[in-house]
Structures are given as structure tokens and as C-alpha cells.
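Undergrad: Dropping in entry_22.tsv, with TSV, C-alpha atoms and all ligand atoms.
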```
chain	number	residue	atom	x	y	z
T	16	MET	CA	-59.43	-49.72	3.50
T	17	LYS	CA	-57.58	-47.92	6.25
T	18	LEU	CA	-53.90	-48.62	5.78
T	19	LEU	CA	-50.61	-47.67	7.39
T	20	PHE	CA	-47.35	-47.67	5.43
T	21	VAL	CA	-44.35	-47.77	7.74
T	22	GLY	CA	-40.64	-47.65	6.93
T	23	VAL	CA	-37.43	-45.83	7.67
T	24	GLN	CA	-36.88	-42.51	5.88
T	25	GLY	CA	-36.08	-43.20	2.23
T	26	SER	CA	-37.77	-46.62	2.24
T	27	GLY	CA	-40.06	-45.46	-0.56
T	28	LYS	CA	-43.22	-45.54	1.53
T	29	GLY	CA	-44.30	-42.15	0.17
T	30	THR	CA	-43.75	-43.29	-3.43
T	31	GLN	CA	-45.63	-46.54	-2.81
T	32	ALA	CA	-48.44	-44.84	-0.89
T	33	LYS	CA	-48.94	-42.49	-3.86
T	34	ILE	CA	-49.11	-45.38	-6.38
T	35	VAL	CA	-51.34	-47.61	-4.24
T	36	SER	CA	-53.67	-44.76	-3.26
T	37	GLU	CA	-54.28	-44.03	-6.95
T	38	LYS	CA	-54.98	-47.72	-7.64
T	39	LEU	CA	-57.41	-47.98	-4.73
T	40	GLY	CA	-58.97	-44.52	-5.14
T	41	ILE	CA	-58.28	-43.49	-1.56
T	42	PRO	CA	-56.23	-40.48	-0.37
T	43	HIS	CA	-52.56	-40.69	0.54
T	44	ILE	CA	-51.98	-38.78	3.75
T	45	SER	CA	-48.35	-38.01	4.49
T	46	THR	CA	-47.96	-36.37	7.88
T	47	GLY	CA	-44.59	-34.96	6.75
T	48	ASP	CA	-46.33	-33.24	3.81
T	49	LEU	CA	-49.15	-32.02	6.07
T	50	LEU	CA	-46.63	-30.47	8.45
T	51	ARG	CA	-44.49	-28.96	5.68
T	52	GLY	CA	-47.67	-27.43	4.21
T	53	ALA	CA	-48.79	-25.90	7.51
T	54	PHE	CA	-49.15	-22.15	7.59
T	55	GLY	CA	-50.00	-19.38	10.03
T	56	GLU	CA	-48.71	-19.16	13.57
T	57	LEU	CA	-47.88	-22.88	13.86
T	58	LYS	CA	-45.51	-22.88	10.88
T	59	ASN	CA	-42.39	-21.58	12.64
T	60	GLU	CA	-42.83	-23.95	15.55
T	61	ILE	CA	-43.31	-26.96	13.27
T	62	ASP	CA	-40.36	-26.02	11.02
T	63	SER	CA	-38.03	-25.74	14.00
T	64	TYR	CA	-38.57	-29.46	14.78
T	65	ILE	CA	-38.46	-30.70	11.19
T	66	ALA	CA	-35.24	-28.88	10.29
T	67	VAL	CA	-33.21	-30.78	12.91
T	68	GLY	CA	-34.90	-34.16	12.36
T	69	LYS	CA	-36.87	-34.16	15.63
T	70	LEU	CA	-40.47	-35.34	15.94
T	71	VAL	CA	-43.14	-32.67	16.22
T	72	PRO	CA	-44.87	-32.95	19.66
T	73	ASP	CA	-47.62	-35.60	19.68
T	74	GLU	CA	-50.43	-33.21	20.60
T	75	LEU	CA	-49.65	-30.80	17.80
T	76	MET	CA	-49.27	-33.66	15.31
T	77	LEU	CA	-52.59	-35.18	16.33
T	78	ARG	CA	-54.39	-31.87	15.88
T	79	VAL	CA	-53.06	-31.50	12.32
T	80	LEU	CA	-53.90	-35.14	11.52
T	81	GLN	CA	-57.44	-35.07	12.91
T	82	ASP	CA	-58.23	-32.01	10.80
T	83	ARG	CA	-57.16	-33.94	7.70
T	84	LEU	CA	-58.97	-37.19	8.61
T	85	SER	CA	-62.20	-35.26	9.14
T	86	LEU	CA	-62.38	-34.33	5.44
T	87	ASN	CA	-64.95	-36.17	3.28
T	88	ASP	CA	-62.42	-37.94	1.07
T	89	CYS	CA	-61.31	-40.10	4.01
T	90	VAL	CA	-64.70	-41.76	4.49
T	91	GLY	CA	-63.87	-44.71	2.19
T	92	GLY	CA	-60.40	-45.21	3.66
T	93	PHE	CA	-56.89	-43.78	3.29
T	94	ILE	CA	-53.21	-44.61	3.39
T	95	LEU	CA	-51.41	-43.02	6.31
T	96	ASP	CA	-47.70	-42.43	5.68
T	97	GLY	CA	-45.63	-41.15	8.59
T	98	TYR	CA	-48.10	-41.72	11.43
T	99	PRO	CA	-47.96	-43.20	14.02
T	100	ARG	CA	-44.27	-42.65	14.71
T	101	ASN	CA	-44.24	-43.87	18.34
T	102	MET	CA	-46.34	-45.97	20.71
T	103	ALA	CA	-48.14	-42.96	22.21
T	104	GLN	CA	-49.32	-41.95	18.72
T	105	ALA	CA	-50.34	-45.57	17.94
T	106	LYS	CA	-52.49	-45.70	21.07
T	107	LYS	CA	-54.12	-42.37	20.21
T	108	LEU	CA	-54.81	-43.59	16.68
T	109	ASP	CA	-56.44	-46.76	18.08
T	110	GLU	CA	-58.83	-44.53	20.02
T	111	ILE	CA	-60.05	-42.72	16.91
T	112	ILE	CA	-59.76	-45.30	14.09
T	113	SER	CA	-59.42	-49.01	13.50
T	114	ILE	CA	-56.65	-49.80	11.01
T	115	ASP	CA	-57.17	-52.68	8.55
T	116	LYS	CA	-53.59	-53.43	7.49
T	117	VAL	CA	-50.06	-52.27	8.20
T	118	ILE	CA	-47.32	-52.61	5.57
T	119	GLU	CA	-43.68	-52.32	6.62
T	120	ILE	CA	-41.30	-51.44	3.78
T	121	VAL	CA	-37.86	-52.70	4.76
T	122	ILE	CA	-34.49	-51.26	3.63
T	123	SER	CA	-31.10	-51.10	5.35
T	124	ASP	CA	-29.93	-47.97	7.19
T	125	GLU	CA	-27.06	-47.57	4.69
T	126	GLU	CA	-29.52	-47.55	1.78
T	127	ALA	CA	-31.80	-45.09	3.66
T	128	LEU	CA	-28.92	-42.66	4.12
T	129	VAL	CA	-27.84	-42.74	0.47
T	130	ARG	CA	-31.41	-42.38	-0.80
T	131	ALA	CA	-32.20	-39.38	1.38
T	132	ILE	CA	-28.93	-37.54	0.84
T	133	TYR	CA	-29.37	-37.62	-2.96
T	134	ARG	CA	-33.16	-37.12	-2.93
T	135	VAL	CA	-34.75	-34.15	-4.72
T	136	THR	CA	-38.48	-33.60	-5.20
T	137	CYS	CA	-40.50	-31.55	-7.67
T	138	SER	CA	-41.99	-28.53	-5.94
T	139	LYS	CA	-44.91	-28.60	-8.40
T	140	CYS	CA	-46.04	-32.25	-8.88
T	141	GLY	CA	-44.18	-34.03	-6.06
T	142	GLU	CA	-42.27	-36.42	-8.36
T	143	GLY	CA	-39.15	-37.76	-6.63
T	144	TYR	CA	-35.63	-38.21	-8.09
T	145	ASN	CA	-32.28	-39.38	-6.81
T	146	THR	CA	-29.44	-37.30	-8.27
T	147	LYS	CA	-27.14	-40.35	-8.16
T	148	THR	CA	-29.30	-43.33	-9.17
T	149	ASN	CA	-32.32	-41.75	-10.91
T	150	PRO	CA	-31.37	-38.22	-12.01
T	151	PRO	CA	-33.72	-35.92	-13.96
T	152	LYS	CA	-32.82	-35.32	-17.63
T	153	ARG	CA	-31.98	-31.67	-16.88
T	154	ALA	CA	-30.42	-30.88	-13.50
T	155	GLY	CA	-32.89	-29.18	-11.16
T	156	VAL	CA	-35.89	-29.54	-13.50
T	157	CYS	CA	-38.73	-32.10	-13.29
T	158	ASP	CA	-38.98	-34.43	-16.35
T	159	LYS	CA	-42.75	-34.63	-15.96
T	160	CYS	CA	-43.89	-31.03	-15.48
T	161	ASN	CA	-40.77	-28.80	-15.73
T	162	GLY	CA	-41.25	-27.80	-12.10
T	163	VAL	CA	-38.27	-26.79	-9.95
T	164	LEU	CA	-36.63	-29.65	-8.02
T	165	THR	CA	-35.95	-28.89	-4.38
T	166	LYS	CA	-34.04	-30.59	-1.59
T	167	ARG	CA	-35.64	-31.02	1.84
T	168	ALA	CA	-33.87	-29.20	4.68
T	169	ASP	CA	-33.79	-32.43	6.73
T	170	ASP	CA	-32.31	-34.64	3.98
T	171	ASN	CA	-28.74	-34.04	5.14
T	172	GLU	CA	-26.47	-36.59	6.81
T	173	GLN	CA	-26.73	-35.18	10.33
T	174	ALA	CA	-30.53	-34.91	10.42
T	175	MET	CA	-30.88	-38.28	8.66
T	176	LEU	CA	-28.76	-40.11	11.27
T	177	LYS	CA	-31.00	-38.61	13.94
T	178	ARG	CA	-34.19	-39.59	12.05
T	179	ILE	CA	-32.97	-43.17	11.49
T	180	GLY	CA	-32.12	-43.45	15.21
T	181	ILE	CA	-35.60	-42.23	16.16
T	182	TYR	CA	-37.15	-44.71	13.72
T	183	HIS	CA	-35.46	-47.72	15.33
T	184	LYS	CA	-36.04	-46.59	18.90
T	185	GLU	CA	-39.53	-45.10	18.73
T	186	THR	CA	-41.27	-46.17	15.52
T	187	GLU	CA	-40.27	-49.84	15.15
T	188	PRO	CA	-42.08	-50.93	18.35
T	189	ILE	CA	-45.43	-50.02	16.73
T	190	LEU	CA	-44.85	-52.78	14.16
T	191	LEU	CA	-45.26	-55.41	16.87
T	192	HIS	CA	-48.31	-53.60	18.19
T	193	TYR	CA	-50.04	-53.93	14.79
T	194	LYS	CA	-48.60	-57.24	13.47
T	195	SER	CA	-47.43	-55.72	10.22
T	196	VAL	CA	-46.62	-57.42	6.90
T	197	LYS	CA	-43.03	-56.94	5.68
T	198	VAL	CA	-42.21	-56.00	2.08
T	199	ASN	CA	-38.65	-55.78	0.68
T	200	GLY	CA	-38.13	-52.11	-0.28
T	201	GLU	CA	-34.78	-52.73	-2.01
T	202	GLN	CA	-36.38	-53.85	-5.29
T	203	LYS	CA	-37.59	-51.97	-8.37
T	204	ILE	CA	-40.55	-49.68	-7.62
T	205	ASP	CA	-43.10	-51.81	-9.52
T	206	ARG	CA	-41.93	-55.01	-7.79
T	207	VAL	CA	-42.42	-53.36	-4.40
T	208	THR	CA	-45.92	-52.28	-5.50
T	209	GLU	CA	-46.73	-55.87	-6.58
T	210	ASP	CA	-45.61	-57.20	-3.20
T	211	ILE	CA	-47.74	-54.63	-1.38
T	212	LEU	CA	-50.84	-55.41	-3.44
T	213	ARG	CA	-50.27	-59.12	-2.77
T	214	ALA	CA	-49.96	-58.41	0.95
T	215	LEU	CA	-53.21	-56.46	0.79
T	216	GLU	CA	-54.79	-59.41	-1.07
T	217	ILE	CA	-55.78	-57.20	-4.01
Q	301	LIG	P1	-41.37	-37.35	6.74
Q	301	LIG	O1	-41.71	-36.56	5.51
Q	301	LIG	O2	-42.39	-38.43	7.01
Q	301	LIG	O3	-39.96	-37.87	6.74
Q	301	LIG	O4	-41.49	-36.34	7.98
Q	301	LIG	C1	-40.64	-35.19	8.07
Q	301	LIG	C2	-40.63	-34.66	9.48
Q	301	LIG	O5	-41.97	-34.27	9.86
Q	301	LIG	C3	-40.20	-35.63	10.57
Q	301	LIG	O6	-38.79	-35.73	10.68
Q	301	LIG	C4	-40.84	-34.99	11.80
Q	301	LIG	O7	-40.13	-33.83	12.21
Q	301	LIG	C5	-42.19	-34.53	11.25
Q	301	LIG	N1	-43.23	-35.58	11.37
Q	301	LIG	C6	-43.83	-36.29	10.38
Q	301	LIG	N2	-44.72	-37.17	10.86
Q	301	LIG	C7	-44.67	-37.03	12.22
Q	301	LIG	C8	-45.33	-37.66	13.30
Q	301	LIG	N3	-46.22	-38.67	13.11
Q	301	LIG	N4	-45.04	-37.24	14.56
Q	301	LIG	C9	-44.17	-36.26	14.78
Q	301	LIG	N5	-43.49	-35.64	13.82
Q	301	LIG	C10	-43.72	-36.00	12.55
```
Before we go any further, please render this structure as C-alpha cells.
TA:
Amino acid sequence: MKLLFVGVQGSGKGTQAKIVSEKLGIPHISTGDLLRGAFGELKNEIDSYIAVGKLVPDELMLRVLQDRLSLNDCVGGFILDGYPRNMAQAKKLDEIISIDKVIEIVISDEEALVRAIYRVTCSKCGEGYNTKTNPPKRAGVCDKCNGVLTKRADDNEQAMLKRIGIYHKETEPILLHYKSVKVNGEQKIDRVTEDILRALEI
């Protein structure tokens, strides 16, 4: 199955993509993670966009994505999280792949802001926490693997307002393009997963 998970920043699409990808045995491809993990001469250029909440240019993004999709583990399908982010990217994706289903995880802008501002992530295993609503047992330390918890440079109020604005203006139109299925993202994590699996008819 080739799936897209779409939602405003903080909607939990990364968390859900991770859970569902493990259930289905297909890779979870987060374009944000791919870009943050870039190295070499492209790294500084990429980081300069991410830090202020801007989109990385389409051509550069597509190059990074195509490299990832060409790996063997994508043959049986994948969950794309964070791509496409605008109509130009959706059209490019249509040229290279046919997507089976698109899930939109819906939360309010107010909820998105709170979730991102208090979000910390384990630098070792990727587990996510919210220092207000779901704090780790020891501040700054992952409950699961004792890894160091870090805060993303773009999870601050100013960059978040910019990212939410870009989502509504540029990303939301792709949902009409694909006829997505909506899932309420303001529920407990396992309830959201159940709704997604139901939408996928699994
Ligand atoms: P995310 O982890 O999905 O919130 O992405 C973090 C940042 O990576 C975004 O704010 C963009 O700067 C960049 N990024 C991720 N996916 C894309 C994309 N499809 N197109 C352009 N930039 C992207």
C-alpha cells in the first residue's frame, strides 16, 4: 500500500505513521526526518530553510525523496509523511507513483501550536513527549531508552505560526486533489490509530 498521511504540524501524523507502518510492515518515510538527517554540502542550505519554518525548494526536496523511494524496502509500499506539501509536489508525485490512499489527521490550529511548543523527541529512538501533557519521568531523558530528549529548532511559536500558515495555504489544496479520508486527531493515540485502520479497511 502506498499511503500519504497529511496533517498540520503537531497533528500526530508522524506518530501514527510510525505505528501503522509497523503494523503493515512498510517503511515510514518522513521528509522532515530525511531533510534533518541530510549531510554533506546540502546540509547548511537545507537547515537554513527548516530553521525559519520555510519549505525547502521543491527540486531539492524531490531529489532527496526520490533517493529514498528508490531503496528496496519501498517496493511493497510505504507511508509518506510530510510530502507532498503543495500542489506542485503533488503533481510531481503523480508522475512517479500512484498513491492508494490519503489520510488527513485533523486538529485545530490552537492544539497544533500547543503540541509543537511543548514537544521534545528522543535523539536516540525517536520517541515523542509533550513536556506539558505527556512528560517523561525524568526531565530531558527518554523513558524507553534513556536517550537525550531534544527540542526541534523550528518548534517555537514564531516558526510554528509560519508553518501553520503555509499548511493552510499550500498543503490543504492537495487534500481535494486526492479525495482524502478525514480522521479526528484530537483523540487518544490508539483511537486515532483505530480510525486510520478503519479508513484503510484493514
Ligand atoms: P516536518 O518534520 O514534516 O514538520 O518538516 C520540517 C521542515 O522540513 C519543514 O518545515 C520544511 O522546512 C521541511 N520539509 C519537510 N517536508 C517538506 C516538503 N515536502 N517540501 C519542502 N520542505 C519540506
Undergrad: Would you give me, as CSV, each residue of chain T having an atom within 10 Å of an atom of ligand LIG 301 (chain Q), along with its shortest atom pair and that distance in Å to one decimal, using all atoms listed in the file and sorting by chain and residue number?
TA:
```
residue,atom,partner,partner_atom,distance
T:Val21,CA,Q:LIG301,O2,9.6
T:Gly22,CA,Q:LIG301,O2,9.4
T:Val23,CA,Q:LIG301,O3,8.4
T:Gln24,CA,Q:LIG301,O3,5.6
T:Gly25,CA,Q:LIG301,O3,8.0
T:Lys28,CA,Q:LIG301,O2,9.0
T:Gly29,CA,Q:LIG301,O2,8.0
T:Ser45,CA,Q:LIG301,O2,6.5
T:Thr46,CA,Q:LIG301,N2,4.5
T:Gly47,CA,Q:LIG301,O1,3.5
T:Asp48,CA,Q:LIG301,O1,5.9
T:Leu49,CA,Q:LIG301,C6,8.1
T:Leu50,CA,Q:LIG301,O5,6.2
T:Arg51,CA,Q:LIG301,O5,7.2
T:Ile61,CA,Q:LIG301,O7,7.6
T:Asp62,CA,Q:LIG301,O7,7.9
T:Ser63,CA,Q:LIG301,O7,8.5
T:Tyr64,CA,Q:LIG301,O7,5.3
T:Ile65,CA,Q:LIG301,O7,3.7
T:Ala66,CA,Q:LIG301,O7,7.2
T:Val67,CA,Q:LIG301,O7,7.6
T:Gly68,CA,Q:LIG301,O6,4.5
T:Lys69,CA,Q:LIG301,O7,4.7
T:Leu70,CA,Q:LIG301,N5,3.7
T:Val71,CA,Q:LIG301,N5,3.8
T:Pro72,CA,Q:LIG301,C9,5.9
T:Asp73,CA,Q:LIG301,N4,6.0
T:Glu74,CA,Q:LIG301,N4,9.0
T:Leu75,CA,Q:LIG301,C9,8.3
T:Met76,CA,Q:LIG301,N4,5.6
T:Leu77,CA,Q:LIG301,N3,7.9
T:Val79,CA,Q:LIG301,C8,9.9
T:Leu80,CA,Q:LIG301,N3,8.6
T:Leu95,CA,Q:LIG301,N3,9.6
T:Asp96,CA,Q:LIG301,O2,6.8
T:Gly97,CA,Q:LIG301,O2,4.5
T:Tyr98,CA,Q:LIG301,N3,4.0
T:Pro99,CA,Q:LIG301,N3,4.9
T:Arg100,CA,Q:LIG301,N3,4.7
T:Asn101,CA,Q:LIG301,N3,7.6
T:Gln104,CA,Q:LIG301,N3,7.2
T:Ala105,CA,Q:LIG301,N3,9.4
T:Ala131,CA,Q:LIG301,O3,9.6
T:Arg167,CA,Q:LIG301,O1,9.0
T:Ala168,CA,Q:LIG301,C1,9.7
T:Asp169,CA,Q:LIG301,O6,7.2
T:Asp170,CA,Q:LIG301,O3,8.8
T:Ala174,CA,Q:LIG301,O6,8.3
T:Met175,CA,Q:LIG301,O6,8.6
T:Lys177,CA,Q:LIG301,O6,8.9
T:Arg178,CA,Q:LIG301,O6,6.2
T:Ile179,CA,Q:LIG301,O6,9.5
T:Ile181,CA,Q:LIG301,O6,9.1
T:Tyr182,CA,Q:LIG301,O6,9.6
T:Thr186,CA,Q:LIG301,N3,9.3
```
Undergrad: Could you take the residues named above and write them with C-alpha atoms, as a CSV table (one decimal), in the coordinates of the input?
TA:
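And here is the file that came out, result_10.csv:
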```
chain,number,residue,atom,x,y,z
T,21,VAL,CA,-44.4,-47.8,7.7
T,22,GLY,CA,-40.6,-47.6,6.9
T,23,VAL,CA,-37.4,-45.8,7.7
T,24,GLN,CA,-36.9,-42.5,5.9
T,25,GLY,CA,-36.1,-43.2,2.2
T,28,LYS,CA,-43.2,-45.5,1.5
T,29,GLY,CA,-44.3,-42.2,0.2
T,45,SER,CA,-48.4,-38.0,4.5
T,46,THR,CA,-48.0,-36.4,7.9
T,47,GLY,CA,-44.6,-35.0,6.8
T,48,ASP,CA,-46.3,-33.2,3.8
T,49,LEU,CA,-49.2,-32.0,6.1
T,50,LEU,CA,-46.6,-30.5,8.4
T,51,ARG,CA,-44.5,-29.0,5.7
T,61,ILE,CA,-43.3,-27.0,13.3
T,62,ASP,CA,-40.4,-26.0,11.0
T,63,SER,CA,-38.0,-25.7,14.0
T,64,TYR,CA,-38.6,-29.5,14.8
T,65,ILE,CA,-38.5,-30.7,11.2
T,66,ALA,CA,-35.2,-28.9,10.3
T,67,VAL,CA,-33.2,-30.8,12.9
T,68,GLY,CA,-34.9,-34.2,12.4
T,69,LYS,CA,-36.9,-34.2,15.6
T,70,LEU,CA,-40.5,-35.3,15.9
T,71,VAL,CA,-43.1,-32.7,16.2
T,72,PRO,CA,-44.9,-33.0,19.7
T,73,ASP,CA,-47.6,-35.6,19.7
T,74,GLU,CA,-50.4,-33.2,20.6
T,75,LEU,CA,-49.6,-30.8,17.8
T,76,MET,CA,-49.3,-33.7,15.3
T,77,LEU,CA,-52.6,-35.2,16.3
T,79,VAL,CA,-53.1,-31.5,12.3
T,80,LEU,CA,-53.9,-35.1,11.5
T,95,LEU,CA,-51.4,-43.0,6.3
T,96,ASP,CA,-47.7,-42.4,5.7
T,97,GLY,CA,-45.6,-41.2,8.6
T,98,TYR,CA,-48.1,-41.7,11.4
T,99,PRO,CA,-48.0,-43.2,14.0
T,100,ARG,CA,-44.3,-42.6,14.7
T,101,ASN,CA,-44.2,-43.9,18.3
T,104,GLN,CA,-49.3,-42.0,18.7
T,105,ALA,CA,-50.3,-45.6,17.9
T,131,ALA,CA,-32.2,-39.4,1.4
T,167,ARG,CA,-35.6,-31.0,1.8
T,168,ALA,CA,-33.9,-29.2,4.7
T,169,ASP,CA,-33.8,-32.4,6.7
T,170,ASP,CA,-32.3,-34.6,4.0
T,174,ALA,CA,-30.5,-34.9,10.4
T,175,MET,CA,-30.9,-38.3,8.7
T,177,LYS,CA,-31.0,-38.6,13.9
T,178,ARG,CA,-34.2,-39.6,12.0
T,179,ILE,CA,-33.0,-43.2,11.5
T,181,ILE,CA,-35.6,-42.2,16.2
T,182,TYR,CA,-37.2,-44.7,13.7
T,186,THR,CA,-41.3,-46.2,15.5
```
Undergrad: At a cut-off of 12 Å from (-29.7, -47.3, -1.3) in the coordinates of the file, what residues are picked up using only C-alpha atoms, written as a ChimeraX atom specification?
TA: /T:23-27,121-134,145,147-149,200-203
Undergrad: Restricting the output to C-alpha atoms, write the selected residues as a JSON list (two decimals), in the coordinates of the input.
TA:
```json
[["chain", "number", "residue", "atom", "x", "y", "z"],
["T", 23, "VAL", "CA", -37.43, -45.83, 7.67],
["T", 24, "GLN", "CA", -36.88, -42.51, 5.88],
["T", 25, "GLY", "CA", -36.08, -43.20, 2.23],
["T", 26, "SER", "CA", -37.77, -46.62, 2.24],
["T", 27, "GLY", "CA", -40.06, -45.46, -0.56],
["T", 121, "VAL", "CA", -37.86, -52.70, 4.76],
["T", 122, "ILE", "CA", -34.49, -51.26, 3.63],
["T", 123, "SER", "CA", -31.10, -51.10, 5.35],
["T", 124, "ASP", "CA", -29.93, -47.97, 7.19],
["T", 125, "GLU", "CA", -27.06, -47.57, 4.69],
["T", 126, "GLU", "CA", -29.52, -47.55, 1.78],
["T", 127, "ALA", "CA", -31.80, -45.09, 3.66],
["T", 128, "LEU", "CA", -28.92, -42.66, 4.12],
["T", 129, "VAL", "CA", -27.84, -42.74, 0.47],
["T", 130, "ARG", "CA", -31.41, -42.38, -0.80],
["T", 131, "ALA", "CA", -32.20, -39.38, 1.38],
["T", 132, "ILE", "CA", -28.93, -37.54, 0.84],
["T", 133, "TYR", "CA", -29.37, -37.62, -2.96],
["T", 134, "ARG", "CA", -33.16, -37.12, -2.93],
["T", 145, "ASN", "CA", -32.28, -39.38, -6.81],
["T", 147, "LYS", "CA", -27.14, -40.35, -8.16],
["T", 148, "THR", "CA", -29.30, -43.33, -9.17],
["T", 149, "ASN", "CA", -32.32, -41.75, -10.91],
["T", 200, "GLY", "CA", -38.13, -52.11, -0.28],
["T", 201, "GLU", "CA", -34.78, -52.73, -2.01],
["T", 202, "GLN", "CA", -36.38, -53.85, -5.29],
["T", 203, "LYS", "CA", -37.59, -51.97, -8.37]]
```
Undergrad: Give me the box for region 28-39 of chain T as JSON, namely the centre and edge lengths in Å to one decimal of a box along x, y and z that holds every listed atom plus 6 Å on each side.
TA:
```
{"center_x": -50.3, "center_y": -45.1, "center_z": -3.1, "size_x": 26.2, "size_y": 17.8, "size_z": 21.2}
```
Undergrad: Between CA of Gly162 (chain T) and CA of Gly141 (chain T), measure the distance and give it in Å to one decimal.
TA: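 If I compute the distance from CA of Gly162 (chain T) to CA of Gly141 (chain T), I get 9.2 Å.
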Undergrad: Report, in Å with one decimal, the straight-line distance from CA of Ile41 (chain T) to CA of His192 (chain T).
TA: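 Separating CA of Ile41 (chain T) from CA of His192 (chain T) is a distance of 24.3 Å.
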